[in-house]
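Next comes target.cif, with mmCIF, C-alpha atoms.
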```cif
data_coords
#
loop_
_atom_site.group_PDB
_atom_site.id
_atom_site.type_symbol
_atom_site.label_atom_id
_atom_site.label_comp_id
_atom_site.auth_asym_id
_atom_site.auth_seq_id
_atom_site.Cartn_x
_atom_site.Cartn_y
_atom_site.Cartn_z
ATOM 1 C CA MET A 15 -2.993 -24.881 11.543
ATOM 2 C CA LYS A 16 -3.982 -21.784 13.478
ATOM 3 C CA GLU A 17 -7.689 -21.157 14.022
ATOM 4 C CA PRO A 18 -7.854 -17.827 12.081
ATOM 5 C CA GLN A 19 -6.106 -19.445 9.154
ATOM 6 C CA LYS A 20 -8.677 -22.282 9.150
ATOM 7 C CA ILE A 21 -11.479 -19.731 9.100
ATOM 8 C CA TRP A 22 -10.030 -17.886 6.101
ATOM 9 C CA ASP A 23 -9.148 -21.080 4.233
ATOM 10 C CA ASN A 24 -12.685 -22.417 4.760
ATOM 11 C CA ARG A 25 -14.163 -19.169 3.462
ATOM 12 C CA TYR A 26 -12.103 -19.293 0.274
ATOM 13 C CA SER A 27 -12.408 -23.048 -0.268
ATOM 14 C CA GLN A 28 -16.165 -22.583 -0.714
ATOM 15 C CA SER A 29 -15.573 -20.455 -3.842
ATOM 16 C CA ASN A 30 -16.195 -22.088 -7.191
ATOM 17 C CA THR A 31 -12.732 -21.648 -8.653
ATOM 18 C CA THR A 32 -13.471 -23.459 -11.913
ATOM 19 C CA THR A 33 -15.620 -20.606 -13.218
ATOM 20 C CA TYR A 34 -14.645 -17.878 -10.796
ATOM 21 C CA ARG A 35 -13.546 -14.513 -12.143
ATOM 22 C CA PRO A 36 -13.413 -11.624 -9.664
ATOM 23 C CA ASP A 37 -15.930 -8.867 -10.205
ATOM 24 C CA TYR A 38 -13.626 -5.955 -9.647
ATOM 25 C CA ASP A 39 -15.088 -2.958 -7.805
ATOM 26 C CA HIS A 40 -12.897 -0.441 -9.685
ATOM 27 C CA TRP A 41 -11.535 1.387 -6.611
ATOM 28 C CA LEU A 42 -7.980 1.405 -8.009
ATOM 29 C CA GLU A 43 -9.029 3.110 -11.234
ATOM 30 C CA ALA A 44 -9.104 6.476 -9.464
ATOM 31 C CA TRP A 45 -5.413 5.943 -8.639
ATOM 32 C CA ALA A 46 -4.301 4.414 -11.961
ATOM 33 C CA SER A 47 -2.077 7.387 -12.766
ATOM 34 C CA LEU A 48 0.068 6.456 -9.760
ATOM 35 C CA PHE A 49 0.971 3.065 -11.237
ATOM 36 C CA VAL A 50 3.507 2.510 -13.982
ATOM 37 C CA PRO A 51 3.169 -0.448 -16.351
ATOM 38 C CA HIS A 52 5.909 -3.039 -15.766
ATOM 39 C CA SER A 53 6.497 -1.756 -12.227
ATOM 40 C CA THR A 54 6.562 -4.256 -9.377
ATOM 41 C CA VAL A 55 3.582 -4.115 -6.994
ATOM 42 C CA LEU A 56 2.920 -6.034 -3.787
ATOM 43 C CA ASP A 57 -0.766 -6.810 -3.153
ATOM 44 C CA VAL A 58 -1.049 -7.343 0.631
ATOM 45 C CA GLY A 59 -3.993 -9.459 1.778
ATOM 46 C CA CYS A 60 -4.954 -10.134 -1.829
ATOM 47 C CA GLY A 61 -7.953 -12.334 -0.989
ATOM 48 C CA ARG A 62 -9.615 -13.557 -4.185
ATOM 49 C CA GLY A 63 -7.371 -11.315 -6.276
ATOM 50 C CA TYR A 64 -9.556 -8.376 -7.281
ATOM 51 C CA ASP A 65 -6.675 -5.903 -7.171
ATOM 52 C CA THR A 66 -4.195 -8.435 -8.515
ATOM 53 C CA VAL A 67 -6.330 -8.884 -11.648
ATOM 54 C CA TYR A 68 -6.623 -5.127 -12.161
ATOM 55 C CA LEU A 69 -2.905 -4.515 -11.664
ATOM 56 C CA THR A 70 -1.768 -7.375 -13.931
ATOM 57 C CA GLU A 71 -4.170 -6.243 -16.654
ATOM 58 C CA PHE A 72 -2.728 -2.739 -16.246
ATOM 59 C CA GLY A 73 0.691 -4.236 -16.959
ATOM 60 C CA CYS A 74 2.236 -4.350 -13.497
ATOM 61 C CA ARG A 75 4.297 -7.262 -12.224
ATOM 62 C CA VAL A 76 2.369 -8.314 -9.123
ATOM 63 C CA VAL A 77 3.343 -10.343 -6.090
ATOM 64 C CA SER A 78 0.185 -11.315 -4.196
ATOM 65 C CA VAL A 79 0.342 -12.336 -0.551
ATOM 66 C CA ASP A 80 -2.345 -13.642 1.751
ATOM 67 C CA PHE A 81 -2.671 -15.605 4.977
ATOM 68 C CA ALA A 82 -5.066 -18.075 3.325
ATOM 69 C CA GLY A 83 -3.583 -20.648 0.998
ATOM 70 C CA GLU A 84 -7.048 -21.267 -0.477
ATOM 71 C CA ALA A 85 -7.259 -17.602 -1.518
ATOM 72 C CA LEU A 86 -3.911 -17.870 -3.268
ATOM 73 C CA LYS A 87 -5.148 -20.888 -5.261
ATOM 74 C CA ILE A 88 -7.956 -18.695 -6.597
ATOM 75 C CA VAL A 89 -5.552 -15.869 -7.444
ATOM 76 C CA HIS A 90 -3.231 -18.265 -9.261
ATOM 77 C CA LYS A 91 -6.117 -19.699 -11.300
ATOM 78 C CA THR A 92 -7.626 -16.342 -12.204
ATOM 79 C CA THR A 93 -4.488 -14.410 -13.109
ATOM 80 C CA GLY A 94 -1.764 -16.912 -13.886
ATOM 81 C CA GLN A 95 0.584 -13.925 -14.118
ATOM 82 C CA ALA A 96 1.000 -12.939 -10.489
ATOM 83 C CA LYS A 97 3.456 -14.574 -8.173
ATOM 84 C CA VAL A 98 1.533 -15.828 -5.120
ATOM 85 C CA ILE A 99 3.080 -16.352 -1.691
ATOM 86 C CA GLN A 100 1.398 -17.431 1.529
ATOM 87 C CA VAL A 101 2.484 -14.925 4.179
ATOM 88 C CA ASP A 102 1.392 -13.962 7.648
ATOM 89 C CA ILE A 103 1.927 -10.197 7.391
ATOM 90 C CA ARG A 104 2.399 -9.996 11.146
ATOM 91 C CA GLN A 105 5.795 -11.626 10.536
ATOM 92 C CA GLU A 106 8.760 -10.123 8.703
ATOM 93 C CA LEU A 107 8.001 -10.010 4.988
ATOM 94 C CA PRO A 108 10.173 -12.276 2.794
ATOM 95 C CA PHE A 109 11.187 -9.520 0.374
ATOM 96 C CA SER A 110 14.294 -7.484 -0.288
ATOM 97 C CA ALA A 111 14.533 -3.903 0.869
ATOM 98 C CA GLY A 112 13.171 -1.588 -1.818
ATOM 99 C CA GLN A 113 11.857 -4.457 -3.969
ATOM 100 C CA PHE A 114 8.454 -2.881 -4.788
ATOM 101 C CA HIS A 115 7.457 0.329 -6.524
ATOM 102 C CA ALA A 116 4.044 0.191 -4.855
ATOM 103 C CA VAL A 117 2.074 -1.740 -2.268
ATOM 104 C CA THR A 118 -1.706 -2.061 -2.268
ATOM 105 C CA ALA A 119 -3.586 -3.136 0.824
ATOM 106 C CA SER A 120 -7.320 -3.189 0.244
ATOM 107 C CA LEU A 121 -9.277 -3.875 3.426
ATOM 108 C CA SER A 122 -6.450 -5.959 4.889
ATOM 109 C CA LEU A 123 -4.607 -3.820 7.445
ATOM 110 C CA TYR A 124 -7.216 -3.242 10.130
ATOM 111 C CA TYR A 125 -7.468 -6.713 11.670
ATOM 112 C CA PHE A 126 -4.533 -6.247 14.010
ATOM 113 C CA SER A 127 -3.554 -4.586 17.266
ATOM 114 C CA GLY A 128 -1.916 -1.167 17.102
ATOM 115 C CA GLU A 129 1.491 -2.660 17.805
ATOM 116 C CA GLN A 130 1.075 -5.316 15.101
ATOM 117 C CA THR A 131 -0.179 -2.747 12.598
ATOM 118 C CA GLN A 132 2.835 -0.553 13.293
ATOM 119 C CA GLN A 133 5.149 -3.514 12.647
ATOM 120 C CA ILE A 134 3.293 -4.387 9.435
ATOM 121 C CA ILE A 135 3.628 -0.786 8.198
ATOM 122 C CA ASP A 136 7.358 -0.856 9.043
ATOM 123 C CA ASN A 137 7.776 -4.114 7.094
ATOM 124 C CA ILE A 138 5.886 -2.696 4.131
ATOM 125 C CA ARG A 139 8.019 0.443 4.238
ATOM 126 C CA ASN A 140 11.180 -1.673 4.121
ATOM 127 C CA SER A 141 9.889 -3.516 1.050
ATOM 128 C CA LEU A 142 9.184 -0.276 -0.845
ATOM 129 C CA ALA A 143 11.559 1.576 -3.127
ATOM 130 C CA ALA A 144 12.787 4.941 -1.797
ATOM 131 C CA ASP A 145 9.908 6.809 -3.465
ATOM 132 C CA GLY A 146 7.452 3.913 -3.213
ATOM 133 C CA LEU A 147 3.713 4.222 -2.805
ATOM 134 C CA LEU A 148 1.535 2.584 -0.152
ATOM 135 C CA LEU A 149 -2.090 2.688 -1.239
ATOM 136 C CA ALA A 150 -4.291 1.349 1.571
ATOM 137 C CA ARG A 151 -8.076 1.137 1.679
ATOM 138 C CA PHE A 152 -10.153 0.783 4.842
ATOM 139 C CA ASN A 153 -13.836 0.447 5.599
ATOM 140 C CA SER A 154 -15.463 3.739 6.452
ATOM 141 C CA VAL A 155 -15.605 4.662 10.113
ATOM 142 C CA LYS A 156 -19.111 5.939 9.355
ATOM 143 C CA ASP A 157 -20.413 2.547 8.220
ATOM 144 C CA VAL A 158 -22.366 1.519 11.310
ATOM 145 C CA ASN A 159 -23.422 -1.704 9.563
ATOM 146 C CA HIS A 160 -19.824 -2.901 9.823
ATOM 147 C CA GLY A 161 -18.909 -1.915 13.354
ATOM 148 C CA ALA A 162 -18.098 1.779 12.964
ATOM 149 C CA ARG A 163 -19.096 3.567 16.131
ATOM 150 C CA GLY A 164 -17.471 6.230 18.245
ATOM 151 C CA TYR A 165 -14.256 6.967 16.313
ATOM 152 C CA SER A 166 -12.860 10.473 16.679
ATOM 153 C CA GLU A 167 -11.924 12.469 13.590
ATOM 154 C CA LEU A 168 -8.275 13.376 13.075
ATOM 155 C CA GLY A 169 -9.017 15.581 10.075
ATOM 156 C CA ASN A 170 -10.972 15.609 6.836
ATOM 157 C CA ASN A 171 -11.531 11.936 5.844
ATOM 158 C CA TYR A 172 -9.188 10.649 8.565
ATOM 159 C CA SER A 173 -10.421 8.991 11.734
ATOM 160 C CA LEU A 174 -8.718 7.365 14.674
ATOM 161 C CA LEU A 175 -9.227 3.629 14.236
ATOM 162 C CA LEU A 176 -6.690 2.401 16.780
ATOM 163 C CA GLN A 177 -5.952 3.931 20.134
ATOM 164 C CA LEU A 178 -2.228 3.840 20.849
ATOM 165 C CA PRO A 179 -0.271 5.179 23.786
ATOM 166 C CA ASP A 180 1.352 7.644 21.396
ATOM 167 C CA GLN A 181 0.772 9.091 17.928
ATOM 168 C CA LYS A 182 3.460 6.985 16.230
ATOM 169 C CA LEU A 183 1.234 4.800 14.049
ATOM 170 C CA ILE A 184 -1.212 7.591 13.308
ATOM 171 C CA ASN A 185 1.634 9.798 12.135
ATOM 172 C CA ARG A 186 2.971 6.960 10.016
ATOM 173 C CA LEU A 187 -0.401 6.437 8.386
ATOM 174 C CA ARG A 188 -0.795 10.167 7.822
ATOM 175 C CA GLY A 189 2.613 10.322 6.153
ATOM 176 C CA GLN A 190 4.513 12.273 8.801
ATOM 177 C CA ARG A 191 8.045 11.269 9.843
ATOM 178 C CA MET A 192 8.179 8.622 7.132
ATOM 179 C CA PRO A 193 10.724 9.668 4.507
ATOM 180 C CA GLY A 194 10.597 7.521 1.406
ATOM 181 C CA LEU A 195 6.962 6.467 1.722
ATOM 182 C CA ARG A 196 3.986 8.145 0.104
ATOM 183 C CA PRO A 197 0.993 6.687 1.960
ATOM 184 C CA MET A 198 -2.506 7.082 0.623
ATOM 185 C CA LEU A 199 -5.363 6.278 2.980
ATOM 186 C CA ILE A 200 -8.667 5.569 1.313
ATOM 187 C CA MET A 201 -11.822 5.375 3.399
ATOM 188 C CA THR A 202 -14.671 3.706 1.515
#
```

Structure re-expressed in structure tokens:
Amino acid sequence: MKEPQKIWDNRYSQSNTTTYRPDYDHWLEAWASLFVPHSTVLDVGCGRGYDTVYLTEFGCRVVSVDFAGEALKIVHKTTGQAKVIQVDIRQELPFSAGQFHAVTASLSLYYFSGEQTQQIIDNIRNSLAADGLLLARFNSVKDVNHGARGYSELGNNYSLLLQLPDQKLINRLRGQRMPGLRPMLIMT
């Protein structure tokens, strides 16, 4: 087992899953109008399943993926409705092209190098329907308590988090040159 995977599995194995119910932070409620009941949604880096619970209760069919098998055990116990799959999102995703109406990624896409993040975004794009929605949430670049220091602003509520040799990933995240993908970047 890889060291990062051990770290995440240990973190989640310490949760009391017999009485655990996620206390949802309600961030998706502001975007509820973008989801359609009975649509298929991929929850990338689902963790304990906060967003999975919200989306299944909203009526979506959810596929939840995470690197940590222990996290997926929690998600399975708390929702029972979502399909859970252990996936390393740095690898090609095991889904058909256009399989999902939407993809949520709450605080799960900023752990990687620029090159890896670009590949992850490309894989997500392939998994989305032609008019699919990518709704991604990131920690605020202004939160100095969580490592935010020295990022340059790209525009209102957008900051450069990764320095790449070109603007390819930044343009992808900002929605330029990406037909068929409606990205939403949320800085909390």

For this session: Measure the distance from CA of Arg62 in chain A to CA of Ala96 in chain A in Å and round it to one decimal.
Result: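 A separation of 12.4 Å between them.
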
For this session: Quick one: everything within 6 Å of range 48-56 of chain A, counting all atoms listed in the file, minus sequence neighbours fewer than 6 positions away in the same chain. Send it as a PyMOL selection string.
Result: chain A and resi 73-78+114-117

Once you add 3 Å to each side, what are the centre and edge lengths of the axis-aligned box holding all listed atoms of range 137-144 of chain A? One decimal in Å, as AutoDock Vina command-line options, if you can.
```
--center_x 9.3 --center_y 0.4 --center_z 2.0 --size_x 12.9 --size_y 15.1 --size_z 16.2
```

For this session: Just say which residues the PyMOL selection byres ((chain A and resi 103-109) around 8) picks in this file, as a list in words.
Result: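 Applying the expression gives Val58, Asp80, Phe81, Val101, Asp102, Ser110, Ala111, Gln113, Gln130, Thr131, Gln133, Ile134, Asn137, Ile138 and Ser141 of chain A.
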
Exercise. How far is it from CA of Glu43 in chain A to CA of Gly61 in chain A, in Å with one decimal?
Worked result: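 Going from CA of Glu43 in chain A over to CA of Gly61 in chain A covers 18.6 Å.
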
For this session: Could you check which of A:Asn24, A:Pro18, A:Gly83, A:Ala144 is closest to Tyr125 in chain A, using all atoms listed in the file?
Result: A:Pro18

Problem set entry | Given all atoms listed in the file as the counted atoms, nearest of A:Val79, A:Leu149, A:Arg139, A:Thr66 to Ala44 in chain A | A:Leu149

Exercise. What gap, in Å, lies between CA of Tyr124 in chain A and CA of Tyr64 in chain A?
Worked result: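 Result for CA of Tyr124 in chain A versus CA of Tyr64 in chain A: 18.3 Å, one decimal.
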
Seminar exercise, completed: Using all atoms listed in the file, the best pick from A:Ser127, A:Gln132, A:Thr118, A:Asp39 as closest to Gly146 in chain A would be A:Thr118

For this session: Considering only C-alpha atoms, state which residue in the set A:Gln19, A:Trp41, A:Glu71, A:Ala143 is at the smallest distance from Gln100 in chain A.
Result: A:Gln19

For this session: Using the chain letters and residue numbers of this document, give as a PyMOL selection string the residues selected by the PyMOL selection byres ((chain A and resi 26) around 12).
Result: chain A and resi 19-25+27-31+34+60-63+80-89
